[in-house]
$ cat work.txt   # compact mmCIF, C-alpha atoms
# COMPACT_ATOMS: atom_id res chain seq x y z
CA MET A 1 -13.36 6.52 -14.84
CA SER A 2 -13.31 9.24 -17.43
CA SER A 3 -16.40 9.16 -19.58
CA ASP A 4 -14.30 9.85 -22.71
CA PHE A 5 -12.31 6.67 -22.21
CA TYR A 6 -15.46 4.66 -21.54
CA THR A 7 -17.21 5.99 -24.66
CA SER A 8 -14.26 5.61 -27.00
CA SER A 9 -12.43 2.54 -25.77
CA ILE A 10 -14.86 0.39 -23.81
CA LEU A 11 -18.37 1.01 -25.11
CA PRO A 12 -17.59 -0.16 -28.69
CA TYR A 13 -16.48 -3.47 -27.16
CA SER A 14 -19.19 -3.65 -24.51
CA GLY A 15 -20.77 -6.54 -26.45
CA ILE A 16 -17.78 -8.74 -25.66
CA ILE A 17 -17.89 -7.80 -21.99
CA ILE A 18 -21.65 -8.35 -21.80
CA LYS A 19 -21.39 -11.80 -23.39
CA ILE A 20 -18.65 -12.85 -20.98
CA CYS A 21 -20.26 -11.39 -17.87
CA ARG A 22 -23.59 -13.05 -18.69
CA ALA A 23 -21.86 -16.44 -18.88
CA TYR A 24 -20.41 -16.07 -15.39
CA THR A 25 -23.43 -14.64 -13.58
CA ASP A 26 -26.90 -15.92 -12.93
CA SER A 27 -28.71 -12.77 -11.90
CA GLN A 28 -29.13 -9.27 -13.30
CA GLU A 29 -27.63 -7.78 -10.13
CA ASP A 30 -24.46 -9.89 -10.37
CA PHE A 31 -24.23 -9.21 -14.10
CA GLU A 32 -24.26 -5.45 -13.52
CA ASP A 33 -21.66 -5.75 -10.75
CA TYR A 34 -19.38 -7.87 -12.93
CA TYR A 35 -19.83 -5.54 -15.90
CA GLN A 36 -18.92 -2.50 -13.82
CA GLU A 37 -15.96 -4.22 -12.23
CA VAL A 38 -14.64 -5.32 -15.64
CA CYS A 39 -14.97 -1.77 -17.02
CA LEU A 40 -13.24 -0.35 -13.98
CA GLN A 41 -10.38 -2.85 -14.21
CA ILE A 42 -9.95 -2.21 -17.95
CA TRP A 43 -9.67 1.49 -17.21
CA ARG A 44 -7.21 0.88 -14.39
CA SER A 45 -5.08 -1.47 -16.51
CA LYS A 46 -5.20 0.57 -19.73
CA ASP A 47 -1.59 1.72 -19.33
CA ARG A 48 -0.45 -1.89 -19.32
CA PHE A 49 -1.79 -2.49 -22.83
CA ARG A 50 1.34 -2.73 -24.97
CA GLY A 51 -0.30 -3.29 -28.33
CA ASP A 52 1.03 -6.86 -28.71
CA SER A 53 -2.51 -7.98 -29.49
CA LYS A 54 -5.68 -6.29 -30.72
CA TRP A 55 -7.45 -4.08 -28.18
CA SER A 56 -10.52 -6.35 -28.47
CA THR A 57 -8.43 -9.45 -27.69
CA TRP A 58 -6.91 -7.70 -24.73
CA ILE A 59 -10.39 -6.78 -23.49
CA TYR A 60 -11.44 -10.42 -23.95
CA ARG A 61 -8.52 -11.68 -21.93
CA LEU A 62 -8.95 -9.14 -19.17
CA SER A 63 -12.73 -9.63 -18.95
CA LEU A 64 -12.34 -13.40 -18.70
CA ASN A 65 -9.68 -13.12 -16.02
CA ILE A 66 -11.71 -10.65 -14.00
CA CYS A 67 -14.87 -12.77 -14.25
CA LEU A 68 -12.93 -15.89 -13.23
CA THR A 69 -11.49 -14.04 -10.24
CA LEU A 70 -14.88 -12.67 -9.23
CA ILE A 71 -16.58 -16.04 -9.54
CA LYS A 72 -13.85 -17.65 -7.40
CA LYS A 73 -14.30 -14.95 -4.78
CA LYS A 74 -18.05 -15.48 -4.84
CA LYS A 75 -17.66 -19.24 -4.37
CA LYS A 76 -15.22 -18.69 -1.53
CA ASN A 77 -17.66 -16.32 0.19
CA ARG A 78 -20.51 -18.77 -0.27
CA GLN A 79 -18.41 -21.57 1.19
CA HIS A 80 -17.65 -19.34 4.15
CA HIS A 81 -21.28 -18.56 4.75
CA THR A 82 -22.89 -21.92 4.05
CA SER A 83 -21.17 -24.96 5.40
CA ASP A 84 -23.34 -27.35 3.39
CA TYR A 85 -22.51 -25.67 0.09
CA SER A 86 -21.15 -27.96 -2.55
CA LEU A 87 -20.03 -27.04 -6.02
CA GLN A 88 -21.89 -29.99 -7.47
CA ASP A 89 -25.11 -28.66 -5.98
CA GLU A 90 -24.65 -25.29 -7.58
CA LYS A 91 -27.64 -24.49 -9.75
CA THR A 92 -27.79 -21.81 -12.31
CA GLU A 93 -30.80 -19.56 -12.08
CA ASP A 94 -32.84 -18.96 -15.14
CA SER A 95 -32.11 -15.27 -15.56
CA ARG A 96 -34.08 -14.69 -18.79
CA ALA A 97 -31.79 -11.87 -19.73
CA PHE A 98 -32.55 -11.89 -23.45
CA SER A 99 -35.76 -11.62 -25.41
CA ASP A 100 -34.56 -14.52 -27.56
CA GLU A 101 -35.64 -17.66 -25.73
CA SER A 102 -33.12 -19.89 -27.51
CA LEU A 103 -30.30 -17.62 -26.44
CA ASN A 104 -31.53 -17.77 -22.83
CA LEU A 105 -31.51 -21.55 -22.99
CA LEU A 106 -28.05 -21.60 -24.54
CA TYR A 107 -26.72 -19.35 -21.77
CA ASP A 108 -28.34 -21.56 -19.13
CA ALA A 109 -26.51 -24.51 -20.67
CA ILE A 110 -23.20 -22.60 -20.89
CA ARG A 111 -23.46 -21.70 -17.20
CA ARG A 112 -23.54 -25.41 -16.41
CA LEU A 113 -20.07 -25.86 -17.91
CA SER A 114 -16.84 -25.51 -15.98
CA GLU A 115 -15.39 -21.99 -15.83
CA ILE A 116 -12.66 -22.73 -18.37
CA ASP A 117 -15.04 -24.50 -20.75
CA ARG A 118 -17.29 -21.44 -20.60
CA ALA A 119 -14.37 -19.26 -21.66
CA VAL A 120 -13.45 -21.65 -24.49
CA ILE A 121 -16.96 -21.86 -25.92
CA LEU A 122 -17.50 -18.10 -25.68
CA LEU A 123 -14.34 -17.48 -27.66
CA TYR A 124 -15.29 -20.18 -30.14
CA LEU A 125 -18.76 -18.71 -30.64
CA GLU A 126 -17.13 -15.33 -31.21
CA GLU A 127 -15.29 -17.04 -34.08
CA LYS A 128 -11.85 -16.63 -32.59
CA PRO A 129 -9.32 -19.00 -34.22
CA ASN A 130 -8.13 -21.93 -32.11
CA LYS A 131 -4.67 -20.41 -31.86
CA GLU A 132 -6.00 -17.20 -30.34
CA ILE A 133 -8.24 -19.15 -27.94
CA ALA A 134 -5.24 -21.28 -26.98
CA ASP A 135 -3.18 -18.14 -26.34
CA ILE A 136 -5.86 -16.63 -24.15
CA ILE A 137 -6.57 -19.81 -22.22
CA GLY A 138 -2.95 -20.92 -22.06
CA THR A 139 -3.01 -24.25 -23.88
CA THR A 140 -2.39 -25.67 -27.37
CA PRO A 141 -4.62 -25.17 -30.45
CA ASN A 142 -5.04 -28.96 -30.74
CA ASN A 143 -6.30 -29.15 -27.20
CA ILE A 144 -8.78 -26.37 -27.97
CA GLY A 145 -10.04 -28.24 -31.05
CA VAL A 146 -10.74 -31.38 -29.03
CA ARG A 147 -12.19 -29.40 -26.17
CA VAL A 148 -14.57 -27.40 -28.38
CA ASN A 149 -15.99 -30.61 -29.84
CA ARG A 150 -16.50 -32.07 -26.39
CA ILE A 151 -18.17 -28.89 -25.13
CA LYS A 152 -20.44 -28.71 -28.15
CA GLU A 153 -21.54 -32.31 -27.52
CA ARG A 154 -22.26 -31.45 -23.89
CA LEU A 155 -24.25 -28.35 -24.87
CA LYS A 156 -26.16 -30.35 -27.43
CA LYS A 157 -27.18 -32.81 -24.76
CA LEU A 158 -28.15 -30.04 -22.35
CA LEU A 159 -30.26 -28.34 -25.03
CA ASP A 160 -31.66 -31.58 -26.41
CA GLY A 161 -35.26 -31.03 -27.47
CA LYS A 162 -35.46 -27.59 -25.89
CA VAL A 163 -34.48 -25.49 -28.90
CA ASN A 164 -36.13 -25.66 -32.29
CA MET B 1 -34.78 -29.31 -37.19
CA GLU B 2 -32.75 -28.17 -34.22
CA LYS B 3 -30.65 -25.05 -34.50
CA SER B 4 -26.92 -25.33 -33.99
CA ILE B 5 -25.41 -23.46 -31.07
CA GLU B 6 -23.57 -21.22 -33.53
CA THR B 7 -26.91 -20.20 -35.12
CA ILE B 8 -28.57 -19.60 -31.75
CA TRP B 9 -25.63 -17.39 -30.80
CA LYS B 10 -25.63 -15.38 -34.02
CA GLU B 11 -29.40 -14.95 -34.26
CA GLY B 12 -29.80 -14.19 -30.57
CA PHE B 13 -27.33 -11.37 -30.63
CA LEU B 14 -28.87 -9.84 -33.75
CA LYS B 15 -31.75 -8.59 -31.60
CA ASN B 16 -31.29 -5.03 -30.37
CA ASP B 17 -31.88 -5.64 -26.70
CA ALA B 18 -29.28 -8.41 -26.38
CA LEU B 19 -26.27 -6.19 -25.93
CA VAL B 20 -27.49 -3.23 -23.93
CA ALA B 21 -24.71 -2.16 -21.60
CA PRO B 22 -25.74 -1.46 -18.03
CA LYS B 23 -25.14 2.04 -16.72
CA LEU B 24 -21.97 2.59 -14.77
CA ASN B 25 -23.24 4.30 -11.70
CA ASP B 26 -23.25 2.83 -8.26
CA LEU B 27 -19.86 1.15 -8.27
CA TYR B 28 -17.90 3.74 -6.33
CA ASN B 29 -20.70 4.12 -3.85
CA GLN B 30 -20.69 0.39 -3.20
CA LYS B 31 -16.91 0.36 -2.97
CA SER B 32 -16.76 3.21 -0.46
CA ILE B 33 -19.39 1.67 1.78
CA HIS B 34 -17.59 -1.67 1.55
CA ILE B 35 -14.19 -0.18 2.47
CA ILE B 36 -15.51 1.75 5.47
CA ASP B 37 -17.65 -1.11 6.75
CA LYS B 38 -14.69 -3.46 6.48
CA PHE B 39 -12.50 -1.04 8.39
CA LYS B 40 -15.16 -0.57 11.10
CA ARG B 41 -15.44 -4.34 11.54
CA MET B 42 -11.66 -4.77 11.78
CA PHE B 43 -11.30 -1.83 14.16
CA LYS B 44 -13.99 -3.17 16.51
CA ILE B 45 -12.53 -6.69 16.47
CA ASN B 46 -9.03 -5.36 17.22
CA LEU B 47 -10.22 -3.21 20.14
CA ASN B 48 -12.15 -6.12 21.64
CA ALA B 49 -9.14 -8.39 21.14
CA LEU B 50 -6.98 -5.85 22.97
CA VAL B 51 -9.34 -5.90 25.97
CA VAL B 52 -9.33 -9.70 26.06
CA PHE B 53 -5.55 -9.75 25.68
CA SER B 54 -5.10 -7.26 28.56
CA PHE B 55 -6.94 -9.66 30.91
CA VAL B 56 -5.06 -12.72 29.62
CA PHE B 57 -1.75 -10.88 30.02
CA LEU B 58 -2.70 -9.83 33.54
CA VAL B 59 -3.42 -13.42 34.58
CA ILE B 60 -0.22 -14.71 32.93
CA SER B 61 1.85 -12.01 34.64
CA PHE B 62 0.56 -13.10 38.05
CA LEU B 63 1.23 -16.74 37.24
CA GLY B 64 4.71 -15.80 35.97
CA LYS B 65 5.36 -13.81 39.14
CA ILE B 66 5.81 -10.52 37.29
CA PRO B 67 2.53 -8.84 38.38
CA VAL B 68 3.93 -5.30 38.03
CA VAL B 69 4.31 -5.81 34.26
CA GLY B 70 0.82 -7.26 34.05
CA VAL B 71 -0.83 -4.40 35.94
CA LEU B 72 1.03 -1.69 34.03
CA MET B 73 0.26 -3.30 30.66
CA PHE B 74 -3.36 -3.85 31.67
CA ILE B 75 -3.69 -0.12 32.39
CA LEU B 76 -2.00 0.79 29.10
CA PHE B 77 -4.08 -1.53 26.91
CA ASN B 78 -7.30 -0.28 28.40
CA VAL B 79 -6.31 3.38 28.05
CA ILE B 80 -5.58 2.70 24.35
CA VAL B 81 -8.98 1.03 23.99
CA ILE B 82 -10.81 3.92 25.72
CA VAL B 83 -9.09 6.56 23.57
CA ASN B 84 -9.74 4.64 20.35
CA LYS B 85 -13.35 3.92 21.26
CA LYS B 86 -13.85 7.67 21.66
CA LEU B 87 -12.26 8.20 18.25
CA PHE B 88 -14.47 5.44 16.82
CA LYS B 89 -17.56 7.40 17.89
CA GLY B 90 -16.37 10.17 15.58
CA LEU B 91 -16.30 7.69 12.71
CA ASN B 92 -19.95 6.81 13.27
CA LYS B 93 -20.84 10.48 13.03
CA ILE B 94 -19.72 10.66 9.40
CA ASP B 95 -22.71 11.64 7.28
CA LYS B 96 -23.69 8.84 4.90
CA ASN B 97 -26.12 11.03 2.97
CA VAL B 98 -23.39 12.61 0.89
CA SER B 99 -21.70 11.57 -2.35
CA SER B 100 -19.40 8.54 -2.17
CA TYR B 101 -16.42 10.84 -2.76
CA LEU B 102 -17.29 13.06 0.20
CA TYR B 103 -18.06 10.00 2.31
CA LEU B 104 -14.64 8.50 1.58
CA LYS B 105 -12.95 11.88 1.98
CA SER B 106 -14.53 12.33 5.45
CA PHE B 107 -13.38 8.83 6.35
CA ASP B 108 -9.88 9.62 5.11
CA ASP B 109 -9.85 12.81 7.22
CA TRP B 110 -11.01 10.86 10.26
CA MET B 111 -8.34 8.24 9.59
CA LYS B 112 -5.60 10.89 9.36
CA GLU B 113 -6.71 12.48 12.62
CA GLN B 114 -6.85 9.07 14.30
CA ILE B 115 -3.36 8.19 13.05
CA SER B 116 -1.96 11.55 14.17
CA ILE B 117 -3.40 11.10 17.70
CA ASN B 118 -2.03 7.56 17.89
CA ILE B 119 1.39 8.68 16.65
CA LYS B 120 1.53 11.26 19.45
CA MET B 121 0.45 8.62 21.96
CA SER B 122 3.02 6.16 20.62
CA ARG B 123 5.86 8.46 21.62
CA TYR B 124 4.83 7.72 25.20
CA ILE B 125 3.38 4.23 24.75
CA TYR B 126 6.53 2.44 23.58
CA PRO B 127 8.81 3.93 26.28
CA TYR B 128 6.06 3.11 28.81
CA VAL B 129 5.93 -0.51 27.61
CA PHE B 130 9.71 -0.75 27.93
CA LEU B 131 9.74 0.79 31.42
CA ALA B 132 6.86 -1.47 32.47
CA MET B 133 8.84 -4.51 31.36
CA ILE B 134 12.01 -3.33 33.08
CA SER B 135 10.29 -2.43 36.36
CA GLY B 136 8.33 -5.65 36.25
CA PHE B 137 11.46 -7.70 35.94
CA TRP B 138 13.33 -5.49 38.41
CA PHE B 139 10.83 -6.30 41.13
CA SER B 140 10.86 -10.00 40.29
CA ASN B 141 12.88 -12.18 42.66
CA ASN B 142 13.87 -14.59 39.90
CA PHE B 143 15.31 -11.75 37.85
CA GLN B 144 17.27 -10.37 40.83
CA GLU B 145 18.71 -13.82 41.52
CA THR B 146 19.75 -14.19 37.87
CA LEU B 147 21.44 -10.76 37.96
CA ASN B 148 23.32 -11.69 41.12
CA ARG B 149 24.49 -14.89 39.50
CA ILE B 150 25.75 -13.02 36.42
CA PHE B 151 27.40 -10.04 38.10
CA GLY B 152 28.43 -11.76 41.36
CA ASN B 153 30.24 -9.37 43.66
CA TYR B 154 30.76 -6.64 41.07
CA GLU B 155 30.26 -3.27 42.79
CA ALA B 156 28.72 -0.73 40.44
CA TYR B 157 28.10 2.97 41.02
CA MET B 158 24.60 3.19 42.35
CA LEU B 159 21.88 5.81 41.83
CA TYR B 160 18.92 5.41 44.21
CA GLY B 161 19.94 1.76 44.58
CA ILE B 162 20.13 1.14 40.83
CA PRO B 163 23.46 0.64 39.02
CA VAL B 164 24.34 3.77 37.02
CA PHE B 165 25.06 1.87 33.79
CA TRP B 166 21.54 0.43 34.07
CA VAL B 167 20.02 3.89 34.43
CA LEU B 168 22.00 5.18 31.45
CA GLY B 169 21.12 2.18 29.30
CA ILE B 170 17.45 2.47 30.16
CA LEU B 171 17.42 6.20 29.48
CA PHE B 172 19.08 5.65 26.12
CA ILE B 173 16.52 3.04 25.05
CA VAL B 174 13.62 5.15 26.37
CA MET B 175 14.88 8.10 24.32
CA LEU B 176 15.15 5.97 21.19
CA LEU B 177 11.63 4.63 21.69
CA ALA B 178 10.27 8.14 22.24
CA ILE B 179 11.93 9.34 19.04
CA PHE B 180 10.93 6.36 16.92
CA GLY B 181 7.57 5.64 18.62
CA GLY B 182 5.64 7.27 15.78
CA ARG B 183 7.46 5.23 13.16
CA ILE B 184 6.97 2.00 15.07
CA TYR B 185 3.24 2.78 15.26
CA LYS B 186 3.08 3.42 11.51
CA TRP B 187 4.84 0.12 10.85
CA ASP B 188 2.41 -1.59 13.19
CA LEU B 189 -0.56 0.12 11.53
CA ASN B 190 0.67 -0.96 8.12
CA ILE B 191 0.77 -4.60 9.16
CA VAL B 192 -2.81 -4.56 10.47
CA TYR B 193 -4.61 -2.09 8.19
CA GLY B 194 -2.11 -1.70 5.31
CA ARG B 195 -4.24 -3.37 2.64
CA ILE B 196 -7.41 -1.53 3.47
CA LEU B 197 -5.61 1.82 3.65
CA LYS B 198 -4.02 1.17 0.26
CA LYS B 199 -7.46 0.40 -1.18
CA LEU B 200 -8.80 3.61 0.30
CA ASP B 201 -5.99 5.65 -1.28
CA GLU B 202 -6.52 3.96 -4.67
CA THR B 203 -10.27 4.52 -4.66
CA LEU B 204 -9.86 8.15 -3.64
CA ALA B 205 -7.25 8.67 -6.36
CA ASP B 206 -9.60 7.11 -8.94
CA MET B 207 -12.45 9.31 -7.82
CA GLU B 208 -10.30 12.43 -7.88
CA GLU B 209 -9.20 11.59 -11.42
CA LEU B 210 -12.81 11.05 -12.38
CA ARG B 211 -13.82 14.40 -10.89
CA ALA B 212 -10.96 16.14 -12.68
CA SER B 213 -11.89 14.66 -16.05
CA THR B 214 -15.60 15.49 -15.97
$ encode --input "work.txt" --output "structure tokens"
Amino acid sequence: MSSDFYTSSILPYSGIIIKICRAYTDSQEDFEDYYQEVCLQIWRSKDRFRGDSKWSTWIYRLSLNICLTLIKKKKKNRQHHTSDYSLQDEKTEDSRAFSDESLNLLYDAIRRLSEIDRAVILLYLEEKPNKEIADIIGTTPNNIGVRVNRIKERLKKLLDGKVN
Amino acid sequence: MEKSIETIWKEGFLKNDALVAPKLNDLYNQKSIHIIDKFKRMFKINLNALVVFSFVFLVISFLGKIPVVGVLMFILFNVIVIVNKKLFKGLNKIDKNVSSYLYLKSFDDWMKEQISINIKMSRYIYPYVFLAMISGFWFSNNFQETLNRIFGNYEAYMLYGIPVFWVLGILFIVMLLAIFGGRIYKWDLNIVYGRILKKLDETLADMEELRAST
């Protein structure tokens, strides 16, 4: 990947990628792998960007899709290697990635959501309008509105009493 | 009072350390090791499968009363395995203590040499397989009886006891197989290793672009 492209077109949006990758990984090692893979795929797909949306939205969409693909692959591999693996038993590790304890707890809670709900809440927290979230996820804005409320309730329960 | 998730999000990411991007460094190295290891695994499995298949084929040929085919194919399969195992030793000699680009490049060179040797061999292998099949059936009683039933009392020109049109037909097919043996091998190779070879080409192209731009 050319360093010019990384510095000018990816690094300014690295925050978005970091936030997404953190939500789909539970260890520093996985996070770094996902981050690198996302950057590599953005670089590889850059010619496919037609300018229909903002570059940042396109990065959002691509990062989410790549993370969802990687997490599916990871689950498939785990299922191959451990016969007694069950998705319900999946536990998120406490990665303590941030110095802000509340943010760590929020991420732990987000990782307990389904993959799509994680994407929805990340976009919501990034203050994307429901229409844009709906476009990225592939549903209707109304559905997003209802879903966001439900997810927020779930997160509230998961964080209950832990964050002041 | 409890903070809302929106506040936690905003305040959390205000801190400087929250959004530090990891360095992009080891990805290509990991990818090259992964590609080569995957190829090695597949190559080993395929060679072992060929050995097993040669024995199974041998047994089946005896049961099917076409032992000549079985023996000839058994010899062929095992020669292929021996040649490719020797080539495989060359792959293990590739120095891992070099950059990922050089590592992949050495692998690519090895792969090209291996393909070129196998293409040359294929010009003989496919005609050999065809002749093995023909001779196997020729010496089978069942096949002779079927031929007699089909052709009855038809008297053909004979060459060393074989009808001339047979000899010509066989020669024609053998020539075609010798000419197109290399292409058949490439087609075969593409079915088995196509995906991994494509990945290798893509990664090398990426790395070459990276080297050119820095």
$ atom_distance --input "work.txt" --atom1 "atom CA of Val38 of chain A" --atom2 "atom CA of Met111 of chain B"
29.3 Å
$ closest_residue --input "work.txt" --among "A:Pro12, A:Pro141, A:Gly51, A:Pro129" --to "chain B" --atoms "all atoms listed in the file"
A:Pro12
$ residues_around --input "work.txt" --residues "segment 190-194 of chain B" --least-positions-apart "2" --cutoff "12 Å" --atoms "all atoms listed in the file" --output "JSON, numbers by chain"
{"B": [35, 36, 38, 39, 40, 41, 42, 43, 45, 46, 111, 115, 183, 184, 185, 186, 187, 188, 196, 197, 198, 199, 200, 201]}
$ residues_around --input "work.txt" --residues "segment 142-147 of chain A" --least-positions-apart "3" --cutoff "10 Å" --atoms "all atoms listed in the file" --output "list in words"
Asp117, Val120, Ile121, Tyr124, Pro129, Asn130, Lys131, Glu132, Ile133, Ala134, Ile137, Gly138, Thr139, Arg150, Ile151, Lys152 and Glu153 of chain A
$ atom_distance --input "work.txt" --atom1 "atom CA of Asn78 of chain B" --atom2 "atom CA of Ser61 of chain B"
16.1 Å
$ axis_aligned_box --input "work.txt" --around "segment 153-161 of chain A" --padding-each-side "3 Å" --output "JSON"
{"center_x": -28.4, "center_y": -30.6, "center_z": -24.9, "size_x": 19.7, "size_y": 10.5, "size_z": 11.2}
$ residues_around --input "work.txt" --residues "Ile116 of chain A" --least-positions-apart "6" --cutoff "10 Å" --atoms "all atoms listed in the file" --output "PyMOL selection string"
chain A and resi 64+68+122+137
$ build_atoms --input "work.txt" --residues "segment 176-200 of chain B" --atoms "N, CA and C atoms" --output "compact mmCIF listing (two decimals), in the coordinates of the input"
# COMPACT_ATOMS: atom_id res chain seq x y z
N LEU B 176 15.31 6.52 22.55
CA LEU B 176 15.15 5.97 21.19
C LEU B 176 13.69 5.64 20.91
N LEU B 177 13.04 5.01 21.88
CA LEU B 177 11.63 4.63 21.69
C LEU B 177 10.73 5.86 21.57
N ALA B 178 11.07 6.91 22.33
CA ALA B 178 10.27 8.14 22.24
C ALA B 178 10.44 8.79 20.87
N ILE B 179 11.67 8.73 20.36
CA ILE B 179 11.93 9.34 19.04
C ILE B 179 11.27 8.53 17.93
N PHE B 180 11.43 7.21 18.02
CA PHE B 180 10.93 6.36 16.92
C PHE B 180 9.54 5.77 17.18
N GLY B 181 8.90 6.18 18.28
CA GLY B 181 7.57 5.64 18.62
C GLY B 181 6.57 5.80 17.48
N GLY B 182 6.58 6.99 16.87
CA GLY B 182 5.64 7.27 15.78
C GLY B 182 5.86 6.33 14.61
N ARG B 183 7.14 6.11 14.30
CA ARG B 183 7.46 5.23 13.16
C ARG B 183 7.08 3.79 13.46
N ILE B 184 7.33 3.39 14.70
CA ILE B 184 6.97 2.00 15.07
C ILE B 184 5.45 1.83 14.93
N TYR B 185 4.70 2.85 15.36
CA TYR B 185 3.24 2.78 15.26
C TYR B 185 2.82 2.65 13.80
N LYS B 186 3.45 3.45 12.93
CA LYS B 186 3.08 3.42 11.51
C LYS B 186 3.36 2.04 10.91
N TRP B 187 4.46 1.46 11.33
CA TRP B 187 4.84 0.12 10.85
C TRP B 187 3.79 -0.89 11.31
N ASP B 188 3.41 -0.73 12.58
CA ASP B 188 2.41 -1.59 13.19
C ASP B 188 1.06 -1.44 12.46
N LEU B 189 0.71 -0.21 12.21
CA LEU B 189 -0.56 0.12 11.53
C LEU B 189 -0.59 -0.49 10.13
N ASN B 190 0.56 -0.43 9.47
CA ASN B 190 0.67 -0.96 8.12
C ASN B 190 0.46 -2.48 8.08
N ILE B 191 0.93 -3.14 9.12
CA ILE B 191 0.77 -4.60 9.16
C ILE B 191 -0.72 -4.94 9.31
N VAL B 192 -1.40 -4.22 10.20
CA VAL B 192 -2.81 -4.56 10.47
C VAL B 192 -3.76 -4.00 9.40
N TYR B 193 -3.63 -2.72 9.08
CA TYR B 193 -4.61 -2.09 8.19
C TYR B 193 -4.03 -1.71 6.83
N GLY B 194 -2.79 -2.13 6.54
CA GLY B 194 -2.11 -1.70 5.31
C GLY B 194 -2.94 -1.89 4.06
N ARG B 195 -3.52 -3.07 3.88
CA ARG B 195 -4.24 -3.37 2.64
C ARG B 195 -5.45 -2.48 2.46
N ILE B 196 -6.17 -2.31 3.56
CA ILE B 196 -7.41 -1.53 3.47
C ILE B 196 -7.09 -0.04 3.25
N LEU B 197 -5.99 0.42 3.83
CA LEU B 197 -5.61 1.82 3.65
C LEU B 197 -5.14 2.07 2.21
N LYS B 198 -4.48 1.06 1.65
CA LYS B 198 -4.02 1.17 0.26
C LYS B 198 -5.24 1.26 -0.67
N LYS B 199 -6.23 0.42 -0.37
CA LYS B 199 -7.46 0.40 -1.18
C LYS B 199 -8.16 1.76 -1.10
N LEU B 200 -8.17 2.31 0.10
CA LEU B 200 -8.80 3.61 0.30
C LEU B 200 -8.10 4.67 -0.54
